[in-house]
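*Asks:* Please read through the structure below; I'll follow up with questions.
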2 protein chains.
Amino acid sequence: MRIGDIAQRAGVSTRSLRYYEEQGLLSSERTSTGQRTYAESAVERVRLIQQFFTAGLPSRTIQRVLPCVDSGEASAEALALLEAERARITAAMDDLAAARDALDRMIHIAQNPSAEHCPALREPAWAPFEGAGSSAGAQTGAQTGVLTGAQT
Amino acid sequence: MRIGDIAQRAGVSTRSLRYYEEQGLLSSERTSTGQRTYAESAVERVRLIQQFFTAGLPSRTIQRVLPCVDSGEASAEALALLEAERARITAAMDDLAAARDALDRMIHIAQNPSAEHCPALREPAWAPFEGAGSSAGAQTGAQTGVLTGAQT
DNA sequence: CTAATCCTTGACATTGACGTCAAGGGCAAG
DNA sequence: CTTGCCCTTGACGTCAATGTCAAGGATTAG
């Protein structure tokens, strides 16, 4: 399997594959003339790498995580790293959930327009739950037409 | 409230606040000498903006979402945008969950080392669920020492 | 052999939310 | 008025994964 095959099978660009190799995430053998050769298993590996990239792990972290995959075991510090990343992902999911809820509140307000939701009358309904001392707001509402943007 | 106060209260840099303004996400009044002045409510707004940034929304999208907050209502297309972003966030959460599960599998293997999990013997336990035709793998195991990286 | 297609390395471009530095003005305390 | 801190605009730097272009070698079909 040459690089183009792997790229197609794993759904990534050849550029990415060379980058992964450059980062020490993916290994390849070379033909006598220098062309990269991969085993079938590389496809799975690339998919795993992609999964981590999608999850926001930087290449340096993936680089330290993958050896655990290869060896099937992890040192104490590697295990700590795994768990730290797990925690980071969990936190990221919480952040996403919070933003999703904020959007949900907006969607709800947009679908049920009523005076009760007017931000000028009460605590803005989209606000987080820290509402404690912001009652003195002099909402001057300087919204002009700045927000109009035109693109495809 | 001048820009430094808002920055401190909202936990962001003054640079970020100017950037938000530049992107049309945050408005400010100016003193006669050009210094920015904010209402208390700006703190909440900045936190909301941050929440969206954390969720991965690009500034252009936030720029089109925030008017819904201000007006308390959304046009049809704005509502579609809100729902599209909600879907994107949901998808991102799914990706994160998948990566978290992959990490969990690694952690589990790392904590329960046994031959059954050895990737050389069977389907790598961390692999996704597409295991179908990779049985012919001639696992040459060319793992050398490429993955060793030294930092901090 | 030759053309077509794939591969190689190298290097520069991109996108986005900032950091950071520069040069200068505002403002309160002494 | 001077010191010191905060503010202004402008512009360039950063990081990370990837796109893209360039110049040339490798492979393969004819």
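Within each chain, counting starts at residue 1; across the structure tokens, chains are named A, B, ... in the order shown, with ligands numbered 1 upward in that order.
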Residues of chain D within 9 Å of chain B, counting only C-alpha atoms (C1' of nucleotides) - could you list those as a ChimeraX atom specification?

*Replies:* /D:6-8

*Asks:* Pull N, CA and C atoms (P, O5', C5', C4', C3', O3' and C1' of nucleotides) from the residues just selected and write them as a PDB file, in the first residue's frame.

*Replies:*
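New file again18.pdb:
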ATOM      1  P    DC D   6      -2.468  49.816  35.940  1.00  0.00           P
ATOM      2  O5'  DC D   6      -3.540  50.295  34.835  1.00  0.00           O
ATOM      3  C5'  DC D   6      -4.574  51.184  35.212  1.00  0.00           C
ATOM      4  C4'  DC D   6      -5.085  51.907  33.978  1.00  0.00           C
ATOM      5  C3'  DC D   6      -5.427  50.956  32.813  1.00  0.00           C
ATOM      6  O3'  DC D   6      -6.805  51.087  32.476  1.00  0.00           O
ATOM      7  C1'  DC D   6      -4.195  52.861  32.090  1.00  0.00           C
ATOM      8  P    DC D   7      -7.418  50.163  31.404  1.00  0.00           P
ATOM      9  O5'  DC D   7      -7.315  51.057  30.082  1.00  0.00           O
ATOM     10  C5'  DC D   7      -8.133  52.203  29.932  1.00  0.00           C
ATOM     11  C4'  DC D   7      -7.693  53.012  28.719  1.00  0.00           C
ATOM     12  C3'  DC D   7      -7.740  52.250  27.392  1.00  0.00           C
ATOM     13  O3'  DC D   7      -8.987  52.453  26.730  1.00  0.00           O
ATOM     14  C1'  DC D   7      -5.799  53.641  27.584  1.00  0.00           C
ATOM     15  P    DT D   8      -9.220  51.744  25.357  1.00  0.00           P
ATOM     16  O5'  DT D   8      -8.324  52.508  24.285  1.00  0.00           O
ATOM     17  C5'  DT D   8      -8.631  53.862  23.935  1.00  0.00           C
ATOM     18  C4'  DT D   8      -7.760  54.311  22.777  1.00  0.00           C
ATOM     19  C3'  DT D   8      -7.697  53.315  21.629  1.00  0.00           C
ATOM     20  O3'  DT D   8      -8.665  53.619  20.651  1.00  0.00           O
ATOM     21  C1'  DT D   8      -5.517  54.148  22.185  1.00  0.00           C
TER      22       DT D   8
END

*Asks:* When you get a sec, could you note down which chain B residues fall within 8 Å of chain C, using only C-alpha atoms (C1' of nucleotides), as a list in words?

*Replies:*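 Within 8 Å of chain C on chain B, we get Arg15, Ser16, Thr33 and Pro58 of chain B.
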
*Asks:* Write to file, as a PDB file, in the first residue's frame, the residues of the selection just made, with N, CA and C atoms.

*Replies:*
ATOM      1  N   ARG B  15      -7.077  42.748  25.113  1.00  0.00           N
ATOM      2  CA  ARG B  15      -6.923  42.454  23.687  1.00  0.00           C
ATOM      3  C   ARG B  15      -8.145  41.746  23.144  1.00  0.00           C
ATOM      4  N   SER B  16      -8.625  40.790  23.907  1.00  0.00           N
ATOM      5  CA  SER B  16      -9.801  40.041  23.463  1.00  0.00           C
ATOM      6  C   SER B  16     -11.012  40.973  23.347  1.00  0.00           C
ATOM      7  N   THR B  33     -12.452  61.574  25.085  1.00  0.00           N
ATOM      8  CA  THR B  33     -11.064  61.379  24.674  1.00  0.00           C
ATOM      9  C   THR B  33     -10.833  60.035  24.003  1.00  0.00           C
ATOM     10  N   PRO B  58     -17.198  30.120  15.326  1.00  0.00           N
ATOM     11  CA  PRO B  58     -16.321  31.182  14.841  1.00  0.00           C
ATOM     12  C   PRO B  58     -16.988  32.534  15.046  1.00  0.00           C
TER      13      PRO B  58
END

*Asks:* Hey, what does DSSP flag as strand (DSSP E) within segment 12-48 of chain A? Can you give it to me as a PyMOL selection string?

*Replies:* chain A and resi 29-30+36-37

*Asks:* Would you pick out the contacts of Arg45 of chain A at 10 Å or less, using only C-alpha atoms (C1' of nucleotides), so that residues sharing its chain but fewer than 2 positions from it are not included, and give the list as a list in words?

*Replies:*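 Returned residues: Ala10, Leu25, Leu26, Glu40, Ser41, Ala42, Val43, Arg47, Leu48, Ile49, Gln50, Gln51, Leu66 and Val69 of chain A; Trp126 and Ala127 of chain B.
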
*Asks:* Write a file of the selected residues as a short mmCIF file (atom, residue, chain, number, x, y, z; two decimals), in the first residue's frame, keeping C-alpha atoms.

*Replies:*
data_model
loop_
_atom_site.label_atom_id
_atom_site.label_comp_id
_atom_site.auth_asym_id
_atom_site.auth_seq_id
_atom_site.Cartn_x
_atom_site.Cartn_y
_atom_site.Cartn_z
CA ALA A 10 -8.63 6.43 5.55
CA LEU A 25 2.43 9.33 14.89
CA LEU A 26 2.66 7.01 11.94
CA GLU A 40 -3.19 -2.56 6.12
CA SER A 41 -3.25 -1.77 9.79
CA ALA A 42 -2.17 1.76 8.99
CA VAL A 43 -5.70 2.57 7.93
CA ARG A 47 -8.54 6.63 11.79
CA LEU A 48 -7.61 6.52 15.43
CA ILE A 49 -5.26 9.44 15.00
CA GLN A 50 -8.00 11.37 13.28
CA GLN A 51 -10.34 10.60 16.12
CA LEU A 66 -0.14 6.10 20.86
CA VAL A 69 -1.83 1.50 21.93
CA TRP B 126 -9.06 0.13 20.79
CA ALA B 127 -10.22 -0.18 17.21
#

*Asks:* Quote the spacing between atom CA of Thr90 of chain A and atom CA of Ala74 of chain A in Å to one decimal place.

*Replies:*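 One can read the atom CA of Thr90 of chain A to atom CA of Ala74 of chain A distance as 20.9 Å.
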
*Asks:* Which is closer to Gln8 of chain A than all the others in A:Glu29, A:Ile62, A:Leu82, A:Val46, using only C-alpha atoms?

*Replies:* A:Val46

*Asks:* Given only C-alpha atoms (C1' of nucleotides) as the basis, pick out the residue of A:Ser71, A:Ser13, A:Gln111, A:Ser59 nearest to DC15 of chain D.

*Replies:* A:Ser59
